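Next comes input.cif, a file with mmCIF, C-alpha atoms and all ligand atoms.
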data_structure
#
loop_
_atom_site.label_atom_id
_atom_site.label_comp_id
_atom_site.auth_asym_id
_atom_site.auth_seq_id
_atom_site.Cartn_x
_atom_site.Cartn_y
_atom_site.Cartn_z
CA MET A 1 139.90 91.18 219.90
CA ARG A 2 137.11 92.05 217.52
CA GLU A 3 135.44 89.05 215.98
CA TYR A 4 136.28 90.18 212.44
CA ALA A 5 139.93 90.90 213.12
CA ARG A 6 141.29 87.52 214.06
CA GLY A 7 145.05 87.36 213.70
CA PRO A 8 146.76 85.73 210.74
CA SER A 9 147.15 81.96 210.84
CA THR A 10 150.49 80.22 210.47
CA GLN A 11 151.28 78.35 207.27
CA GLU A 12 151.36 75.11 209.24
CA ASP A 13 147.92 75.71 210.69
CA LEU A 14 146.51 76.53 207.25
CA LYS A 15 148.07 73.41 205.80
CA SER A 16 146.54 71.08 208.37
CA ARG A 17 143.14 72.76 208.03
CA GLY A 18 143.43 72.36 204.27
CA GLU A 19 144.18 68.64 204.57
CA ALA A 20 141.22 68.11 206.90
CA ILE A 21 138.85 69.95 204.55
CA LYS A 22 140.14 67.86 201.67
CA ASP A 23 139.26 64.67 203.59
CA LEU A 24 135.82 66.05 204.36
CA VAL A 25 135.09 66.82 200.73
CA GLU A 26 136.22 63.37 199.69
CA LYS A 27 133.87 61.93 202.32
CA LEU A 28 131.02 64.09 201.02
CA LEU A 29 131.58 62.80 197.49
CA ARG A 30 131.44 59.22 198.77
CA LEU A 31 128.28 59.90 200.79
CA LEU A 32 126.63 61.27 197.67
CA GLY A 33 127.37 57.95 195.97
CA GLU A 34 130.25 59.21 193.87
CA ASP A 35 133.63 57.69 193.24
CA PRO A 36 136.19 60.33 194.24
CA ARG A 37 138.82 58.50 192.19
CA ARG A 38 137.09 58.97 188.86
CA GLU A 39 138.74 61.31 186.38
CA GLY A 40 136.54 64.42 186.84
CA LEU A 41 136.56 64.25 190.63
CA ARG A 42 140.14 63.34 191.32
CA GLU A 43 141.29 66.91 191.89
CA THR A 44 138.00 68.12 193.38
CA PRO A 45 138.72 67.68 197.12
CA ASP A 46 142.01 69.55 196.78
CA ARG A 47 140.45 72.25 194.59
CA VAL A 48 137.51 72.78 196.95
CA SER A 49 139.77 72.84 200.00
CA ARG A 50 142.00 75.51 198.44
CA MET A 51 138.95 77.51 197.37
CA TRP A 52 137.77 77.72 201.01
CA ILE A 53 141.16 78.37 202.58
CA GLU A 54 142.46 80.83 199.99
CA GLU A 55 139.27 82.57 198.90
CA LEU A 56 135.83 81.99 200.39
CA ALA A 57 137.00 81.69 204.00
CA VAL A 58 140.17 83.77 203.88
CA GLY A 59 138.55 86.25 206.26
CA TYR A 60 139.05 83.76 209.11
CA PHE A 61 142.81 83.78 208.62
CA VAL A 62 143.64 87.38 207.74
CA ASP A 63 143.30 90.52 209.80
CA PRO A 64 141.58 93.16 207.64
CA LEU A 65 143.71 95.80 209.34
CA SER A 66 146.69 94.44 207.43
CA TYR A 67 145.06 95.68 204.21
CA VAL A 68 144.42 99.16 205.41
CA LYS A 69 146.62 102.17 205.25
CA THR A 70 144.69 105.34 205.80
CA PHE A 71 145.95 108.51 204.26
CA GLU A 72 145.89 111.35 206.70
CA VAL A 73 144.73 114.35 204.74
CA GLU A 74 144.71 117.51 206.80
CA GLU A 75 142.79 119.65 204.40
CA TYR A 76 139.78 117.41 204.91
CA GLU A 77 139.57 118.28 208.55
CA SER A 78 137.67 121.48 208.07
CA ARG A 79 135.51 120.16 205.26
CA GLU A 80 132.05 118.75 205.48
CA GLY A 81 131.92 117.18 202.03
CA LEU A 82 130.82 113.65 201.26
CA ILE A 83 132.98 110.96 199.75
CA ALA A 84 131.18 108.17 197.94
CA VAL A 85 132.71 104.84 196.94
CA THR A 86 130.07 102.93 195.04
CA ASN A 87 129.76 99.62 193.24
CA VAL A 88 132.39 97.66 195.14
CA PRO A 89 131.87 94.10 193.85
CA THR A 90 131.05 91.88 196.81
CA ARG A 91 130.59 88.18 197.30
CA SER A 92 130.09 86.21 200.47
CA THR A 93 128.82 82.84 201.63
CA CYS A 94 125.49 82.46 203.43
CA GLU A 95 125.92 80.77 206.77
CA HIS A 96 122.59 78.95 206.54
CA HIS A 97 123.22 77.07 203.30
CA LEU A 98 126.91 77.58 202.47
CA LEU A 99 125.84 79.12 199.17
CA PRO A 100 127.10 82.37 197.69
CA PHE A 101 125.37 85.72 197.77
CA PHE A 102 126.76 88.55 195.73
CA GLY A 103 126.20 92.10 194.58
CA TYR A 104 127.61 95.52 195.39
CA THR A 105 128.67 97.48 198.43
CA HIS A 106 128.33 101.26 198.51
CA VAL A 107 129.99 103.51 201.05
CA VAL A 108 129.45 107.21 201.70
CA TYR A 109 131.31 109.03 204.43
CA VAL A 110 132.15 112.45 205.76
CA PRO A 111 135.84 112.34 206.63
CA SER A 112 137.44 113.90 209.65
CA GLY A 113 141.05 114.05 208.55
CA ARG A 114 141.39 110.49 207.29
CA VAL A 115 140.55 109.02 203.93
CA LEU A 116 141.07 105.54 202.62
CA GLY A 117 142.53 104.67 199.22
CA PHE A 118 139.93 103.55 196.71
CA SER A 119 141.21 100.01 196.21
CA LYS A 120 141.48 99.51 199.98
CA PHE A 121 137.71 99.61 200.27
CA ALA A 122 137.51 96.65 197.93
CA ARG A 123 140.06 94.73 200.02
CA VAL A 124 138.37 95.46 203.31
CA VAL A 125 135.00 94.40 201.89
CA LYS A 126 136.56 91.26 200.47
CA VAL A 127 138.18 90.15 203.71
CA LEU A 128 135.10 90.81 205.82
CA SER A 129 132.93 89.04 203.23
CA SER A 130 135.16 86.00 203.06
CA LYS A 131 133.53 84.20 205.98
CA LEU A 132 130.20 82.58 206.61
CA GLN A 133 127.89 85.56 206.87
CA ILE A 134 124.40 86.86 206.80
CA GLN A 135 124.07 90.07 204.84
CA GLU A 136 122.69 92.07 207.77
CA ARG A 137 125.74 91.35 209.92
CA LEU A 138 128.21 91.82 207.07
CA THR A 139 126.90 95.33 206.41
CA GLU A 140 127.24 96.21 210.11
CA GLN A 141 130.76 94.75 210.31
CA ILE A 142 131.93 96.75 207.31
CA ALA A 143 130.46 99.88 208.90
CA ASP A 144 132.07 99.13 212.28
CA PHE A 145 135.45 98.44 210.74
CA LEU A 146 135.48 101.57 208.57
CA ASP A 147 134.17 103.62 211.47
CA GLU A 148 137.05 102.41 213.60
CA VAL A 149 139.74 102.91 210.96
CA LEU A 150 138.58 106.20 209.44
CA LYS A 151 136.85 107.73 212.45
CA PRO A 152 134.67 109.70 210.06
CA LYS A 153 132.07 112.24 211.09
CA GLY A 154 129.55 109.94 209.55
CA LEU A 155 129.31 106.80 207.48
CA VAL A 156 126.72 104.96 205.40
CA VAL A 157 127.20 101.44 204.11
CA VAL A 158 124.60 99.98 201.75
CA GLN A 159 124.68 96.49 200.28
CA GLU A 160 122.44 95.13 197.57
CA MET A 161 122.90 91.41 197.08
CA LEU A 162 121.39 88.47 195.26
CA HIS A 163 121.14 85.33 197.37
CA THR A 164 121.65 82.12 195.43
CA CYS A 165 120.16 80.08 198.29
CA ALA A 166 116.83 81.73 197.49
CA LEU A 167 117.39 81.39 193.76
CA ILE A 168 118.38 77.74 193.35
CA ARG A 169 116.42 76.20 196.22
CA GLY A 170 113.46 76.95 198.48
CA VAL A 171 111.38 79.71 196.92
CA GLU A 172 113.54 79.66 193.75
CA GLU A 173 113.15 83.36 193.24
CA SER A 174 115.66 85.93 192.12
CA MET A 175 115.45 88.13 195.18
CA THR A 176 117.79 90.92 196.12
CA MET A 177 118.19 92.11 199.65
CA THR A 178 119.22 95.64 200.56
CA THR A 179 120.79 96.42 203.91
CA ALA A 180 122.08 99.71 205.24
CA ALA A 181 124.16 100.72 208.25
CA LEU A 182 124.39 104.33 209.40
CA ARG A 183 126.89 105.89 211.75
CA GLY A 184 127.57 109.37 213.14
CA VAL A 185 126.03 112.40 211.45
CA PHE A 186 123.99 110.23 209.11
CA ARG A 187 122.14 108.88 212.13
CA GLU A 188 121.52 112.30 213.55
CA GLN A 189 120.68 114.22 210.38
CA ARG A 190 117.99 112.70 208.22
CA GLU A 191 118.57 115.13 205.36
CA LEU A 192 122.20 114.18 205.15
CA ALA A 193 121.28 110.50 205.22
CA SER A 194 118.84 110.91 202.36
CA LEU A 195 121.45 112.85 200.41
CA ALA A 196 123.87 109.94 200.85
CA LEU A 197 121.23 107.46 199.69
CA GLN A 198 120.52 109.68 196.69
CA VAL A 199 124.20 109.68 195.76
CA ILE A 200 124.25 105.88 196.01
CA ASN A 201 121.01 105.43 194.06
CA SER A 202 122.17 107.67 191.25
CA SER A 203 125.40 105.77 190.65
CA LYS A 204 124.72 102.18 191.66
CA LEU A 205 124.81 99.36 189.14
CA PRO A 206 121.84 96.99 189.04
CA VAL A 207 122.27 93.60 190.67
CA PRO A 208 121.66 90.98 187.97
CA LYS A 209 118.30 89.24 188.00
CA PHE A 210 117.51 85.74 186.86
CA GLU A 211 114.02 85.30 185.53
CA GLY A 212 113.30 82.01 187.29
CA PHE A 213 113.19 78.34 186.45
ZN ZN A 301 120.97 81.00 202.70
#
Serialized structure, structure tokens:
Amino acid sequence: MREYARGPSTQEDLKSRGEAIKDLVEKLLRLLGEDPRREGLRETPDRVSRMWIEELAVGYFVDPLSYVKTFEVEEYESREGLIAVTNVPTRSTCEHHLLPFFGYTHVVYVPSGRVLGFSKFARVVKVLSSKLQIQERLTEQIADFLDEVLKPKGLVVVQEMLHTCALIRGVEESMTMTTAALRGVFREQRELASLALQVINSSKLPVPKFEGF
């Protein structure tokens, strides 16, 4: 089974993982010298545990295929036109620091009979992003998944993200990283690839910048 398409977990399994994470967070609070019983922290272990299980790490427990229903559209078969889905809000967690990185995902593809509903792109990106990731791999995984589901003639995935681990620690700079994955005709035809990048560049929203500390 593909690494990103692990099957759904049972409710029981999720519950016991949740309890264990809760204990871990409580332990972390203690190790930091805090009193986990004080007013402001009392609900924190439970809140943090639910945040990981239900949101930030949900990609470990859900198969992204369950979010996807491709629309077979015959009239696309003979067409060579591009479809662009830009500015899909994206957030993930960096596997080196467990800190968020966020920005936008842009997809351009040339369909071969299959197209995907607009909101489905957002769901697929969300599930694949909801794991510990590095941006380079995330971009490739989104491309692989869409390639597999849509079987397009070509596909471009571009991500522009701000990494909070660079912003709030280390170099403390507001740096954005751009990654791109190309498949099919976009690999073979440079002109088509630059057209796709032009489409993305002309419609993409800027990733917010923070002017430093
Ligand atoms: Zn990091």
Counting all atoms listed in the file, give me one row per residue of chain A with an atom at most 7 Å from an atom of ligand ZN 301 (chain A), showing the shortest contact pair and its distance in Å to one decimal, sorted by chain then residue number, as a tab-separated table.
residue	atom	partner	partner_atom	distance
A:Cys94	CA	A:ZN301	ZN	4.8
A:Glu95	CA	A:ZN301	ZN	6.4
A:His96	CA	A:ZN301	ZN	4.6
A:His97	CA	A:ZN301	ZN	4.6
A:Leu98	CA	A:ZN301	ZN	6.9
A:Leu99	CA	A:ZN301	ZN	6.3
A:His163	CA	A:ZN301	ZN	6.9
A:Cys165	CA	A:ZN301	ZN	4.6
A:Ala166	CA	A:ZN301	ZN	6.7
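One distance worth recording is that between atom CA of A:His106 and atom CA of A:Val156, which is 8.0 Å.
Atom pair atom CA of A:Ser9 / atom CA of A:Asp46: separated by 19.4 Å.
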Self-check item: Proximity to A:Leu205 - best of A:Leu41, A:Val25, A:Met51, A:Met161, all atoms listed in the file
Solution: A:Met161
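The coordinates place atom CA of A:Ser130 at 26.0 Å from atom CA of A:Arg42.
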Could the residues of stretch 44-86 of chain A that have an atom at most 12 Å from stretch 187-194 of chain A be listed as JSON lines, each with its closest atom pair and the distance in Å to one decimal, counting only C-alpha atoms and ordered by chain and ascending residue number?
{"residue": "A:Glu80", "atom": "CA", "partner": "A:Leu192", "partner_atom": "CA", "distance": 10.9}
{"residue": "A:Gly81", "atom": "CA", "partner": "A:Leu192", "partner_atom": "CA", "distance": 10.6}
{"residue": "A:Leu82", "atom": "CA", "partner": "A:Leu192", "partner_atom": "CA", "distance": 9.5}
